[in-house]
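Scroll down for the structure; my scribbles are underneath it.
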Amino acid sequence: MSYTEHSSHVNRRSFLRLGVAAGVGTLAGCTGGEGETLTIGATQPLSGGFAAWGQAHEDGLAFAVQEINDDGGVLGRDLEVSSVDTESNPTEAATQFERLVESDGAIAITGPVSSDVGIRTRQTAEQLEVPLVLHMAGSHKILPKDTQYTFRMGSQPAPVDLLPQFQIIEEQGYETVGAITGDYEWGNTVQQGLEAAFPAGVDLHLASAPTSAEDFASQIREMPDSLDMMIATGHPPGSIAIHTQALELGRNPEITTGAGFPPAVLQSAMGETAVNGFTHLHVSDPTDDQFQEVASRFREETGGRFDTHEAYGYVAGQLIATAAEEAGEADPVAIADAVRDIQLDTVFSEPLEYTDYGELDGFRHHLSGIEPGAPEYYPDGEWRLTETFETPVLEAFDPDDYDYIWESDR
């Protein structure tokens, strides 16, 4: 299969229909009364190796809720966010999910990062029949075809994430590529994809490391000096260290494709080396006019910078609020049904749409690097994102046709 233009592309803008009178729905675990707030639960990593993802998502979600409330709320009621720190622990995430629903009456949950957490919280969402909007959980195993309440956002399945990287290799004529993957669900899936479908005739040097690893010198030293490209997508927590240590050890790849790391963290951690070929993968689109409008408002209201991962939290808040309005009630089952039917124009390059089983459909992947200079939406900045690669519009991943991705002609 090659990249395919999505046939159901829509041009209309879907707006929040705020302030519409509606009946009060029965929440999972409690019944909300007129005038009470509606709760979005956020189960996200605010400490540990994935904390940077969680904090960026939290900031974007909070801003979306602020704007929604300033415009009249949802179903005539204010939204609030109830946030917990999962520490990227799947059991803790599932426990907190249940508490947010049963004790706080959350109408939907968002925030999970890491494939292991995504798999566990999807099980909880399906059991409790409460919508879950993932942040960065990309395992292809998360969303089987019978999924009804779980929806993907920032991180796509590993087979889909690898497609643009394979295309870069082929278009640039790279001959020698290194890759380091983490020894957990996501990394193992990336490794499987690399082994199954790597472009023919290209010399791949593949290594694995523990998820908690910080020193990748031994893996890098086993690779040749003349690396054209380093793939660090399969080890998100270690992607910065993989890039900087490869440079320190003289490998100097033309490009390193990292995971979807918040760009402010990339720049802060790498300094001048951030402009030396490192790119990160994302589906939010900083070149989009609406993205830049939201980012400008974010700076005016908070003084902070709005980038790719703040965008995921912002979109999650928009999505849940819009679905509740379109459902006309605060019932989680009705909200999930509305998400499946939604066409929401937001800070992605394409309208947000979902398959019946919760995969993002009709989207574009972007690979961006960092260069000196301030973006228009944050004039106080010292760096900006520069787009390295954009895919055509992509179809949703089909878990029942998993092999197609490896057999594709890309």
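Going by the structure tokens order, chains are called A, B, ..., each with residues numbered from 1, while ligands are numbered from 1 in the order shown.
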Within 12 Å of A:Glu376 using only C-alpha atoms, minus same-chain residues under 6 positions, as an mmCIF file with C-alpha atoms, in the first residue's frame:
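And here's part-v5.cif as it stands now:
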data_model
loop_
_atom_site.group_PDB
_atom_site.id
_atom_site.type_symbol
_atom_site.label_atom_id
_atom_site.label_comp_id
_atom_site.auth_asym_id
_atom_site.auth_seq_id
_atom_site.Cartn_x
_atom_site.Cartn_y
_atom_site.Cartn_z
ATOM 1 C CA PRO A 286 2.836 24.274 13.745
ATOM 2 C CA THR A 287 2.661 25.637 10.187
ATOM 3 C CA ASP A 289 -2.844 29.047 10.651
ATOM 4 C CA PHE A 291 -2.225 26.388 15.343
ATOM 5 C CA GLN A 292 -0.449 29.729 15.213
ATOM 6 C CA GLU A 293 -3.591 31.603 16.288
ATOM 7 C CA VAL A 294 -4.020 29.346 19.316
ATOM 8 C CA ALA A 295 -0.302 29.564 20.118
ATOM 9 C CA SER A 296 -0.484 33.368 20.047
ATOM 10 C CA ARG A 299 1.313 33.252 24.945
ATOM 11 C CA ARG A 305 5.017 28.649 24.618
ATOM 12 C CA PHE A 306 2.532 26.431 22.759
ATOM 13 C CA GLU A 382 15.366 31.848 20.569
ATOM 14 C CA TRP A 383 14.515 28.816 18.445
ATOM 15 C CA ARG A 384 11.790 27.633 16.111
ATOM 16 C CA LEU A 385 10.624 24.419 14.516
#
So that each row is one residue of stretch 143-257 of chain A with an atom at most 12 Å from stretch 107-112 of chain A, can you give its shortest atom pair and the distance in Å to one decimal, using only C-alpha atoms, rows by chain and rising number, as CSV?
residue,atom,partner,partner_atom,distance
A:Tyr149,CA,A:Ala108,CA,9.4
A:Thr150,CA,A:Ile109,CA,9.4
A:Phe151,CA,A:Thr110,CA,9.4
A:Arg152,CA,A:Thr110,CA,10.0
A:Met153,CA,A:Thr110,CA,9.7
A:Gly154,CA,A:Gly111,CA,10.2
A:Ser155,CA,A:Pro112,CA,10.7
* To do: Using DSSP on the backbone coordinates, identify the residues of stretch 197-267 of chain A assigned to strand (DSSP E); present them as a PyMOL selection string.
  => chain A and resi 203-209+229-231+255-258
Take the residues that were just selected and, keeping N, CA and C atoms, output them as a short mmCIF file (atom, residue, chain, number, x, y, z; two decimals), in the first residue's frame.
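Saved to selection-v9.cif:
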data_model
loop_
_atom_site.label_atom_id
_atom_site.label_comp_id
_atom_site.auth_asym_id
_atom_site.auth_seq_id
_atom_site.Cartn_x
_atom_site.Cartn_y
_atom_site.Cartn_z
N ASP A 203 22.00 -0.85 4.81
CA ASP A 203 22.68 -1.53 5.90
C ASP A 203 22.13 -1.03 7.24
N LEU A 204 21.36 -1.88 7.93
CA LEU A 204 20.74 -1.52 9.21
C LEU A 204 21.54 -2.10 10.36
N HIS A 205 21.87 -1.27 11.34
CA HIS A 205 22.55 -1.69 12.56
C HIS A 205 21.58 -1.46 13.72
N LEU A 206 20.97 -2.54 14.21
CA LEU A 206 19.88 -2.48 15.16
C LEU A 206 20.34 -2.96 16.53
N ALA A 207 20.00 -2.18 17.57
CA ALA A 207 20.35 -2.55 18.94
C ALA A 207 19.17 -2.24 19.86
N SER A 208 19.12 -2.95 20.99
CA SER A 208 18.08 -2.73 21.98
C SER A 208 18.71 -2.32 23.30
N ALA A 209 17.96 -1.58 24.11
CA ALA A 209 18.45 -1.14 25.42
C ALA A 209 17.27 -1.10 26.39
N MET A 229 22.01 7.93 9.04
CA MET A 229 20.78 8.23 9.78
C MET A 229 20.75 7.39 11.05
N MET A 230 20.23 7.97 12.13
CA MET A 230 20.00 7.24 13.38
C MET A 230 18.51 7.28 13.68
N ILE A 231 17.90 6.13 13.88
CA ILE A 231 16.49 6.05 14.25
C ILE A 231 16.39 5.84 15.76
N ILE A 255 20.80 12.84 9.91
CA ILE A 255 19.52 13.05 10.56
C ILE A 255 19.32 11.99 11.64
N THR A 256 18.77 12.41 12.77
CA THR A 256 18.29 11.49 13.80
C THR A 256 16.79 11.67 13.89
N THR A 257 16.05 10.58 13.72
CA THR A 257 14.59 10.65 13.84
C THR A 257 14.22 10.20 15.25
N GLY A 258 13.84 11.16 16.07
CA GLY A 258 13.47 10.86 17.44
C GLY A 258 11.99 10.64 17.58
#
* Between A:Asn276, A:Ser284, A:Ala324, A:Val315, single out the one closest to A:Pro372, counting only C-alpha atoms. =>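 For A:Pro372, the nearest of the given residues is A:Asn276.
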* How many Å separate atom CA of A:Ala213 from atom CA of A:Gly238? ->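 Value for the atom CA of A:Ala213-atom CA of A:Gly238 distance: 6.8 Å.
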* Quick one: everything within 10 Å of A:Pro399, counting only C-alpha atoms, minus sequence neighbours fewer than 4 positions away in the same chain. Send it as a ChimeraX atom specification. => /A:140-145,157,357,359,403-404
* To do: Apply DSSP to the backbone of this structure and, from stretch 85-125 of chain A, keep only the residues in alpha helix (DSSP H); write these as a ChimeraX atom specification.
  => /A:90-102,115-125
* Tell me, in Å to one decimal, how far atom CA of A:Gln123 is from atom CA of A:Ala94. =>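 Separation between atom CA of A:Gln123 and atom CA of A:Ala94: 8.5 Å.
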* Structure fact -> Residue with the minimum atom-to-atom distance to A:Ala158, picked from A:Phe63, A:Glu102, A:Ala241, A:Phe397 with only C-alpha atoms counted, is A:Phe397
* To do: Would you list the contacts of A:His309 as a ChimeraX atom specification, taking every protein, DNA or RNA residue within 10 Å and counting only C-alpha atoms, but skipping same-chain residues closer than 4 positions in sequence?
  => /A:52-60,135-136,154,260-264,282-284,313-315
* A:Asp225 surroundings by only C-alpha atoms, 9 Å radius, close-in-sequence under 5 positions cut, as a list of chain:residue names -> A:Leu249, A:Gly250, A:Arg251, A:Asn252, A:Pro253
Taking C-alpha atoms for each residue, export the selection above as a PDB file, in the first residue's frame.
ATOM      1  CA  LEU A 249      31.303   9.257  19.598  1.00  0.00           C
ATOM      2  CA  GLY A 250      31.882  10.645  16.120  1.00  0.00           C
ATOM      3  CA  ARG A 251      28.975   9.021  14.277  1.00  0.00           C
ATOM      4  CA  ASN A 252      27.508  12.350  13.043  1.00  0.00           C
ATOM      5  CA  PRO A 253      24.404  11.068  11.240  1.00  0.00           C
TER       6      PRO A 253
END
* **All residues 8 Å or closer to A:Gly118, only C-alpha atoms, same chain fewer than 4 positions away omitted, as a list of chain:residue names** =>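 Returned residues: A:Pro90, A:Pro112, A:Val113, A:Ser114, A:Arg122, A:Leu134, A:Ala137, A:Gly138, A:Ser139, A:Ile142.
Distances here use only C-alpha atoms; by that measure, the residue among A:Asp78, A:Glu325, A:Glu272, A:Glu98 closest to A:Leu128 is A:Glu98.
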* Minimum-distance residue to A:Asp345, chosen among A:Asn69, A:Leu227, A:Pro332, A:Thr322 (using only C-alpha atoms) ->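 For A:Asp345, the nearest of the candidates is A:Thr322.
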* Asked: For A:His365, which of A:Tyr174, A:Phe216, A:Phe166, A:Phe348 is the closest residue, counting only C-alpha atoms?
  ->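 Using only C-alpha atoms, A:His365 sits closest to A:Phe348.
Minimum distance to A:Val133 across A:Phe198, A:Tyr184, A:Tyr354, A:Phe298 (counting only C-alpha atoms) occurs at A:Tyr354.
Between atom CA of A:Ala269 and atom CA of A:Asp380 lies a distance of 19.1 Å.
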* Asked: Contacts of A:Phe363 at 8 Å or less, counting only C-alpha atoms, minus same-chain residues fewer than 5 places along, as a VMD selection string?
  -> chain A and resid 283 348 to 352 393 to 395
